[in-house]
Structures are given as structure tokens and as C-alpha cells.
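A.B. asks: One structure, pasted below without further comment.
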Amino acid sequence: MKQSIHNHCRLCLTFDDRNFDNWLKVLPLWRKYDARGTFFVSGTMDAIAVNAMQSLQNAGHTVGLHAFHHAKYPKKPDTYIEEEIIPQLDVCRREGINIRAFAYPYSLRDAESDRKLFEFFDFLRGGAWQITEKGEAMVGNDRLFVKEISPKQLFFGMSASGNFDFHSLSQCFYRAAERNETIVFYAHDITAKVAPSHHISIGQLEVLLKLARALDMDICGMNEL
Ligand SMILES: [Zn+2]
């Protein structure tokens with residue numbers, strides 16, 4: 001028997017960099033599925049960025065940070081906070097953008113970087129590839145599936161970009177739905193046509209939203225966790 005009416009299976013779809021135009025264009029699609037995503041913004045906090053971040057936040061989505069110069073953490077461990085985090089965070093604080101999440105550029109992180117960044121963020125996102133053996137099925141890797149979300153939580157995002165393997169993604173959806181786990185995926189732009197490498201197409205995104213809805217997953221931004 002199902003124990004609770006509360007649904008604890010959560011799907012976090014995340015998007016990186018500065019693809020503001022297309023992110024804002026597909027807002028109606030998210031509404032159609034009662035779904036929210038997380039958008040990790042890199043680069044300068046100019047008016048374009050701030051306006052887009054406010055629009056996403058006002059539409060119920062989560063906005064997170066993704067480093068001022070999109071720098072690799074290992075290249076500047078001592079100055080990372082000062083050069084990559086504070087310049088973005090200061091503007092967000094001033095502009096009323098609620099920031100709790102950070103995605104590592106290139107997913108490059110270690111325990112030391114996590115410790116430092118958890119002083120500023122509740123949620124960090126690395127990459128599944130860091131903890132997955134070549135050829136290993138994602139669905140069998142317990143570290144990709146979070147049962148209890150900690151106040152300071154590191155997630156390993158799985159790729160939902162390019163010509164991703166829908167079968168392997170859907171296996172993860174089914175597992176998470178069955179076991180009430182949280183799973184995190186990442187892409188960058190949301191494009192009209194299926195794009196190679198780093199992006200997801202609108203059609204692909206809708207397939208994922210539909211499947212998650214069918215499985216009664218909560219499709220939410222990280223600030224809702
Ligand atoms: Zn990036």
C-alpha cells in the first residue's frame with residue numbers, strides 16, 4: 001500500500017550558462033506540466049542577466065549561480081570565492097534574487113571546494129561522470145539517487161543533453177519514482193531542434209516532463225527541495 005499522499009520523488013532539471021532568450025521562451029511549457037526548473041547563470045550580472053533571472057524567479061523557477069568567469073575550481077582554489085562567487089552573489093542579494101544553489105563549471109569539484117562553497121550555498125551540483133565508471137548504467141549508481149536531502153546537499157547531475165539515451169534516462173525516472181528518490185539532470189540551451197552535445201530540444205524536454213508527470217514525480221527547482 002502507498003503510505004503517504006506526499007510525493008517525495010523529485011526531478012530537478014537544470015540548465016547552465018546564459019541561454020536567457022530560449023529559457024524565457026519555453027516558460028509556457030513548464031506551466032503546462034506544473035513544473036519548475038533550475039537555471040545556473042554564469043558571467044557578468046548585467047541588466048540582461050538580472051532581468052532574466054528575475055523573470056525566471058517570478059515564474060516560480062529556481063535561479064542558481066555558475067561562476068562569474070565560468071572558471072574551473074581547481075585552477076584557482078584560493079581565490080575562487082572572491083573572484084567567482086562574490087561578484088555574482090552581491091548583485092543577486094541587491095536585486096532580490098534568492099540564491100541557494102551553485103553548479104560547478106565543467107563539474108570540477110572536490111571535498112575542499114564543497115566545504116568552501118557550502119558556506120554560501122545549500123545545494124551544489126557536480127557531474128555524474130565524475131563518479132560513474134565507463135559503461136556503467138546510471139540506474140545502478142546509488143550516489144546519483146538521493147533519498148534524504150541534507151540541509152547541505154551535493155548532487156551529481158546526469159546529462160540530459162545532445163542525443164541522450166532516452167532508455168537510460170527513463171530507467172532512472174522509474175527507479176526514483178519507485179523509491180521516492182531525487183534525481184538531477186543538466187543541459188544548457190533549450191533549442192527548437194535536437195542539437196548535438198550540450199543542449200536539449202524543446203521536444204526532448206517535453207518528453208521528459210511528460211514521463212515525470214506520468215510517474216507522479218514532483219518536477220521542481222532546487223529552492224523547493
Ligand atoms: Zn557552464
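In the C-alpha cells, chains take letters A, B, ... by order of appearance, with residues numbered from 1 within each chain and ligands from 1 in the order shown.
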Could you tell me, counting only C-alpha atoms and all ligand atoms, which protein and nucleic acid residues lie no more than 7 Å from ligand 1, written as an NGL selection string?

C.D. replies: :A and (16-17 or 42 or 66 or 70 or 105-106)

A.B. asks: Selection from above, all heavy atoms, as a PDB file, in the first residue's frame, can you write it?

C.D. replies:
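Contents of part05.pdb, freshly written:
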```
ATOM      1  N   ASP A  16      22.390  25.403 -17.705  1.00  0.00           N
ATOM      2  CA  ASP A  16      23.557  26.212 -17.358  1.00  0.00           C
ATOM      3  C   ASP A  16      23.852  27.334 -18.354  1.00  0.00           C
ATOM      4  O   ASP A  16      23.475  27.260 -19.518  1.00  0.00           O
ATOM      5  CB  ASP A  16      24.813  25.326 -17.309  1.00  0.00           C
ATOM      6  CG  ASP A  16      24.760  24.290 -16.203  1.00  0.00           C
ATOM      7  OD1 ASP A  16      23.764  24.247 -15.454  1.00  0.00           O
ATOM      8  OD2 ASP A  16      25.728  23.515 -16.094  1.00  0.00           O
ATOM      9  N   ASP A  17      24.612  28.282 -17.836  1.00  0.00           N
ATOM     10  CA  ASP A  17      25.247  29.372 -18.594  1.00  0.00           C
ATOM     11  C   ASP A  17      24.316  30.581 -18.795  1.00  0.00           C
ATOM     12  O   ASP A  17      23.754  31.053 -17.824  1.00  0.00           O
ATOM     13  CB  ASP A  17      25.858  28.858 -19.903  1.00  0.00           C
ATOM     14  CG  ASP A  17      26.919  27.775 -19.653  1.00  0.00           C
ATOM     15  OD1 ASP A  17      27.427  27.700 -18.520  1.00  0.00           O
ATOM     16  OD2 ASP A  17      27.214  27.002 -20.570  1.00  0.00           O
ATOM     17  N   SER A  42      26.065  31.895 -15.413  1.00  0.00           N
ATOM     18  CA  SER A  42      27.469  32.274 -15.339  1.00  0.00           C
ATOM     19  C   SER A  42      27.618  33.687 -15.888  1.00  0.00           C
ATOM     20  O   SER A  42      26.733  34.203 -16.559  1.00  0.00           O
ATOM     21  CB  SER A  42      28.318  31.304 -16.173  1.00  0.00           C
ATOM     22  OG  SER A  42      27.841  31.283 -17.508  1.00  0.00           O
ATOM     23  N   HIS A  66      26.740  30.044 -11.308  1.00  0.00           N
ATOM     24  CA  HIS A  66      27.565  29.123 -12.098  1.00  0.00           C
ATOM     25  C   HIS A  66      28.936  29.749 -12.383  1.00  0.00           C
ATOM     26  O   HIS A  66      29.568  29.423 -13.374  1.00  0.00           O
ATOM     27  CB  HIS A  66      26.799  28.806 -13.389  1.00  0.00           C
ATOM     28  CG  HIS A  66      27.384  27.707 -14.211  1.00  0.00           C
ATOM     29  ND1 HIS A  66      27.804  26.493 -13.705  1.00  0.00           N
ATOM     30  CD2 HIS A  66      27.579  27.623 -15.558  1.00  0.00           C
ATOM     31  CE1 HIS A  66      28.246  25.738 -14.694  1.00  0.00           C
ATOM     32  NE2 HIS A  66      28.133  26.392 -15.821  1.00  0.00           N
ATOM     33  N   HIS A  70      33.087  31.641 -15.116  1.00  0.00           N
ATOM     34  CA  HIS A  70      32.917  30.233 -15.504  1.00  0.00           C
ATOM     35  C   HIS A  70      34.230  29.468 -15.313  1.00  0.00           C
ATOM     36  O   HIS A  70      34.618  28.611 -16.111  1.00  0.00           O
ATOM     37  CB  HIS A  70      32.446  30.130 -16.963  1.00  0.00           C
ATOM     38  CG  HIS A  70      31.786  28.824 -17.297  1.00  0.00           C
ATOM     39  ND1 HIS A  70      32.476  27.756 -17.825  1.00  0.00           N
ATOM     40  CD2 HIS A  70      30.512  28.402 -17.161  1.00  0.00           C
ATOM     41  CE1 HIS A  70      31.641  26.742 -18.020  1.00  0.00           C
ATOM     42  NE2 HIS A  70      30.441  27.108 -17.615  1.00  0.00           N
ATOM     43  N   PRO A 105      31.306  24.825 -12.777  1.00  0.00           N
ATOM     44  CA  PRO A 105      31.697  24.812 -14.192  1.00  0.00           C
ATOM     45  C   PRO A 105      32.474  23.520 -14.510  1.00  0.00           C
ATOM     46  O   PRO A 105      33.350  23.125 -13.730  1.00  0.00           O
ATOM     47  CB  PRO A 105      32.589  26.051 -14.314  1.00  0.00           C
ATOM     48  CG  PRO A 105      32.100  26.973 -13.246  1.00  0.00           C
ATOM     49  CD  PRO A 105      31.723  26.059 -12.102  1.00  0.00           C
ATOM     50  N   TYR A 106      32.137  22.896 -15.583  1.00  0.00           N
ATOM     51  CA  TYR A 106      32.768  21.643 -16.026  1.00  0.00           C
ATOM     52  C   TYR A 106      32.613  20.535 -14.975  1.00  0.00           C
ATOM     53  O   TYR A 106      33.316  19.524 -15.032  1.00  0.00           O
ATOM     54  CB  TYR A 106      34.247  21.856 -16.365  1.00  0.00           C
ATOM     55  CG  TYR A 106      34.484  23.046 -17.273  1.00  0.00           C
ATOM     56  CD1 TYR A 106      34.840  24.279 -16.750  1.00  0.00           C
ATOM     57  CD2 TYR A 106      34.300  22.929 -18.653  1.00  0.00           C
ATOM     58  CE1 TYR A 106      35.022  25.385 -17.572  1.00  0.00           C
ATOM     59  CE2 TYR A 106      34.488  24.021 -19.480  1.00  0.00           C
ATOM     60  CZ  TYR A 106      34.846  25.245 -18.935  1.00  0.00           C
ATOM     61  OH  TYR A 106      35.032  26.341 -19.752  1.00  0.00           O
TER      62      TYR A 106
END
```

A.B. asks: Please produce, as JSON lines, a per-residue contact table for region 10-62 of chain A versus region 86-89 of chain A (criterion: any atom at most 8 Å away, only C-alpha atoms considered), showing the nearest atom pair and its distance in Å to one decimal, sorted by chain then residue number.

C.D. replies:
```
{"residue": "A:Gly43", "atom": "CA", "partner": "A:Gln88", "partner_atom": "CA", "distance": 7.9}
{"residue": "A:Thr44", "atom": "CA", "partner": "A:Gln88", "partner_atom": "CA", "distance": 7.1}
{"residue": "A:Met45", "atom": "CA", "partner": "A:Gln88", "partner_atom": "CA", "distance": 6.2}
```

A.B. asks: Go ahead and write the residues just picked, N, CA, C and O atoms, as a short mmCIF file (atom, residue, chain, number, x, y, z; two decimals), in the first residue's frame.

C.D. replies:
```
data_model
loop_
_atom_site.label_atom_id
_atom_site.label_comp_id
_atom_site.auth_asym_id
_atom_site.auth_seq_id
_atom_site.Cartn_x
_atom_site.Cartn_y
_atom_site.Cartn_z
N GLY A 43 28.76 34.30 -15.60
CA GLY A 43 29.09 35.58 -16.23
C GLY A 43 28.64 36.80 -15.46
O GLY A 43 28.16 36.72 -14.33
N THR A 44 28.80 37.91 -16.14
CA THR A 44 28.53 39.20 -15.51
C THR A 44 27.04 39.36 -15.19
O THR A 44 26.18 38.87 -15.92
N MET A 45 26.78 40.06 -14.10
CA MET A 45 25.40 40.29 -13.70
C MET A 45 24.92 41.62 -14.27
O MET A 45 24.64 42.57 -13.54
#
```

A.B. asks: Would you list the contacts of Gly203 (chain A) as a CSV table (one decimal) with all heavy atoms, in the first residue's frame, taking every protein, DNA or RNA residue within 8 Å and counting only C-alpha atoms, but skipping same-chain residues closer than 5 positions in sequence?

C.D. replies:
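Result went into out.csv, see below:
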```csv
chain,number,residue,atom,x,y,z
A,192,ALA,N,15.1,24.7,-30.5
A,192,ALA,CA,14.0,24.3,-31.3
A,192,ALA,C,14.2,22.9,-31.9
A,192,ALA,O,13.2,22.1,-32.0
A,192,ALA,CB,13.7,25.4,-32.4
A,193,LYS,N,15.4,22.7,-32.4
A,193,LYS,CA,15.7,21.4,-33.0
A,193,LYS,C,16.6,20.6,-32.1
A,193,LYS,O,17.3,21.2,-31.3
A,193,LYS,CB,16.3,21.6,-34.3
A,193,LYS,CG,15.3,21.9,-35.4
A,193,LYS,CD,15.9,21.9,-36.8
A,193,LYS,CE,16.4,23.2,-37.1
A,193,LYS,NZ,17.1,23.4,-38.4
A,194,VAL,N,16.6,19.3,-32.2
A,194,VAL,CA,17.6,18.5,-31.5
A,194,VAL,C,19.0,18.9,-31.8
A,194,VAL,O,19.4,18.9,-32.9
A,194,VAL,CB,17.5,17.0,-31.8
A,194,VAL,CG1,18.6,16.2,-31.0
A,194,VAL,CG2,16.1,16.5,-31.4
```

A.B. asks: For Gln153 (chain A), list every protein, DNA or RNA residue within 10 Å, evaluated using only C-alpha atoms, and leave out those in the same chain fewer than 6 positions away; present the list as a compact mmCIF listing (two decimals) with C-alpha atoms, in the first residue's frame.

C.D. replies:
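Printed below is part-v7.txt as written:
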```
# COMPACT_ATOMS: atom_id res chain seq x y z
CA ALA A 101 22.33 26.64 -5.41
CA ASP A 114 32.35 21.63 -1.43
CA PHE A 118 28.59 25.21 1.30
CA PHE A 121 25.01 27.65 -0.89
CA ASP A 122 22.72 24.85 0.28
CA PHE A 123 22.90 22.84 -2.92
CA LEU A 124 25.88 22.06 -5.14
CA ARG A 125 25.79 20.26 -8.47
CA VAL A 146 19.25 10.98 -3.21
```

A.B. asks: Looking only at the backbone, which of the residues in chain A does DSSP tag as helix (DSSP H, G or I), as a VMD selection string?

C.D. replies: chain A and resid 20 to 25 27 to 32 47 to 58 73 to 75 80 to 95 105 to 107 111 to 117 128 to 131 138 to 140 142 to 144 166 to 179 202 to 214 222 to 224

A.B. asks: With only C-alpha atoms as the atoms that count, which of A:Cys172, A:Ala59, A:Leu108, A:Val50 lies nearest to Ala71 (chain A)?

C.D. replies: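 When distances to Ala71 (chain A) are compared using only C-alpha atoms, the smallest one comes from A:Leu108.
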
A.B. asks: For CA of Gly60 (chain A) and CA of Val184 (chain A), quote the distance in Å rounded to one decimal.

C.D. replies: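 One can read the CA of Gly60 (chain A) to CA of Val184 (chain A) distance as 17.9 Å.
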
A.B. asks: So which bits of region 8-157 of chain A end up strand (DSSP E or B) when you DSSP the backbone, as a PyMOL selection string?

C.D. replies: chain A and resi 10-17+38-41+62-65+101-103+123-127+146+153-157

A.B. asks: Using only C-alpha atoms, pick whichever of A:Arg109, A:His199, A:Lys32, A:Arg175 has the shortest atom-to-atom distance to Ala160 (chain A).

C.D. replies: A:His199

A.B. asks: Which residue is closest to Ala214 (chain A)? Choose from A:Trp23, A:Tyr80, A:Tyr33, A:Phe39 and count only C-alpha atoms.

C.D. replies: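 For Ala214 (chain A), the nearest of the given residues is A:Tyr33.
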
A.B. asks: Could you check the closest approach to Pro151 (chain A) for each of A:His167, A:Lys134, A:Arg100, A:His198 and tell me which residue wins, using only C-alpha atoms?

C.D. replies: A:Arg100

A.B. asks: For CA of Ser168 (chain A) and CA of Tyr186 (chain A), quote the distance in Å rounded to one decimal.

C.D. replies: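 Computing the Euclidean distance for CA of Ser168 (chain A) and CA of Tyr186 (chain A) yields 14.6 Å.
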
A.B. asks: Here is a test: counting only C-alpha atoms, which residue of A:Glu178, A:Glu83, A:Glu112, A:Asp189 is nearest to Leu205 (chain A)?

C.D. replies: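 When distances to Leu205 (chain A) are compared using only C-alpha atoms, the smallest one comes from A:Asp189.
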
A.B. asks: Extract, using only C-alpha atoms, all DNA, RNA and protein residues at most 10 Å from Gln171 (chain A), discarding same-chain residues fewer than 5 positions from it, and format them as a list in words.

C.D. replies: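 Selected residues are Ala137, Met138, Val139, Gly140, Phe166, Ala176 and Ala177 of chain A.
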
A.B. asks: I'd like to know which of A:Ser161, A:Thr79, A:Ser107, A:Ser113 is closest to Ile202 (chain A), using only C-alpha atoms.

C.D. replies: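 Of A:Ser161, A:Thr79, A:Ser107, A:Ser113, the one nearest Ile202 (chain A) is A:Ser161, counting only C-alpha atoms.
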
A.B. asks: CA of Ala49 (chain A) and CA of Ile97 (chain A) are how many Å apart?

C.D. replies: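 Separating CA of Ala49 (chain A) from CA of Ile97 (chain A) is a distance of 11.2 Å.
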
A.B. asks: Any idea what's packed within 10 Å of Asp21 (chain A), counting only C-alpha atoms, ignoring anything in its chain fewer than 2 positions away? Could you give it as a list in words?

C.D. replies: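 Surrounding residues, per the criterion: Arg18, Asn19, Trp23, Leu24, Lys25, Val26, Ile48, Ala52, Asp189 and Ile190 of chain A.
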
A.B. asks: Keeping N, CA and C atoms for every residue in the selection just given, could you write it to a file as a short mmCIF file (atom, residue, chain, number, x, y, z; two decimals), in the first residue's frame?

C.D. replies:
```cif
data_model
loop_
_atom_site.label_atom_id
_atom_site.label_comp_id
_atom_site.auth_asym_id
_atom_site.auth_seq_id
_atom_site.Cartn_x
_atom_site.Cartn_y
_atom_site.Cartn_z
N ARG A 18 24.13 31.01 -20.02
CA ARG A 18 23.37 32.27 -20.22
C ARG A 18 22.46 32.15 -21.45
N ASN A 19 21.63 31.17 -21.45
CA ASN A 19 20.76 30.97 -22.61
C ASN A 19 19.38 31.60 -22.34
N TRP A 23 15.44 30.13 -22.66
CA TRP A 23 14.87 29.74 -21.36
C TRP A 23 13.55 30.45 -21.14
N LEU A 24 13.51 31.74 -21.44
CA LEU A 24 12.28 32.51 -21.19
C LEU A 24 11.19 32.13 -22.20
N LYS A 25 11.60 31.78 -23.40
CA LYS A 25 10.63 31.42 -24.43
C LYS A 25 9.82 30.17 -24.05
N VAL A 26 10.44 29.24 -23.35
CA VAL A 26 9.73 27.98 -23.07
C VAL A 26 9.02 27.98 -21.71
N ILE A 48 20.75 42.49 -18.52
CA ILE A 48 20.12 41.37 -19.24
C ILE A 48 20.03 40.15 -18.33
N ALA A 52 16.52 38.64 -16.67
CA ALA A 52 16.15 37.25 -16.98
C ALA A 52 16.01 36.44 -15.69
N ASP A 189 21.31 25.05 -23.33
CA ASP A 189 20.24 25.77 -24.01
C ASP A 189 19.05 24.82 -24.21
N ILE A 190 17.88 25.42 -24.47
CA ILE A 190 16.68 24.65 -24.83
C ILE A 190 16.33 25.09 -26.24
#
```

A.B. asks: Set the distance at 7 Å and use only C-alpha atoms: which residues neighbour Gly127 (chain A) once local chain neighbours fewer than 5 positions away are removed? I'd like the list as an MDAnalysis selection string.

C.D. replies: chainID A and resid 107 156:158

A.B. asks: Take the residues from that selection and write them out as a JSON list (two decimals), in the first residue's frame, keeping C-alpha atoms.

C.D. replies:
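Wrote it out as selection_12.json, contents follow:
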```json
[["chain", "number", "residue", "atom", "x", "y", "z"],
["A", 107, "SER", "CA", 31.54, 19.80, -12.89],
["A", 156, "PHE", "CA", 25.69, 14.58, -9.21],
["A", 157, "GLY", "CA", 23.82, 15.74, -12.28],
["A", 158, "MET", "CA", 23.23, 13.36, -15.16]]
```
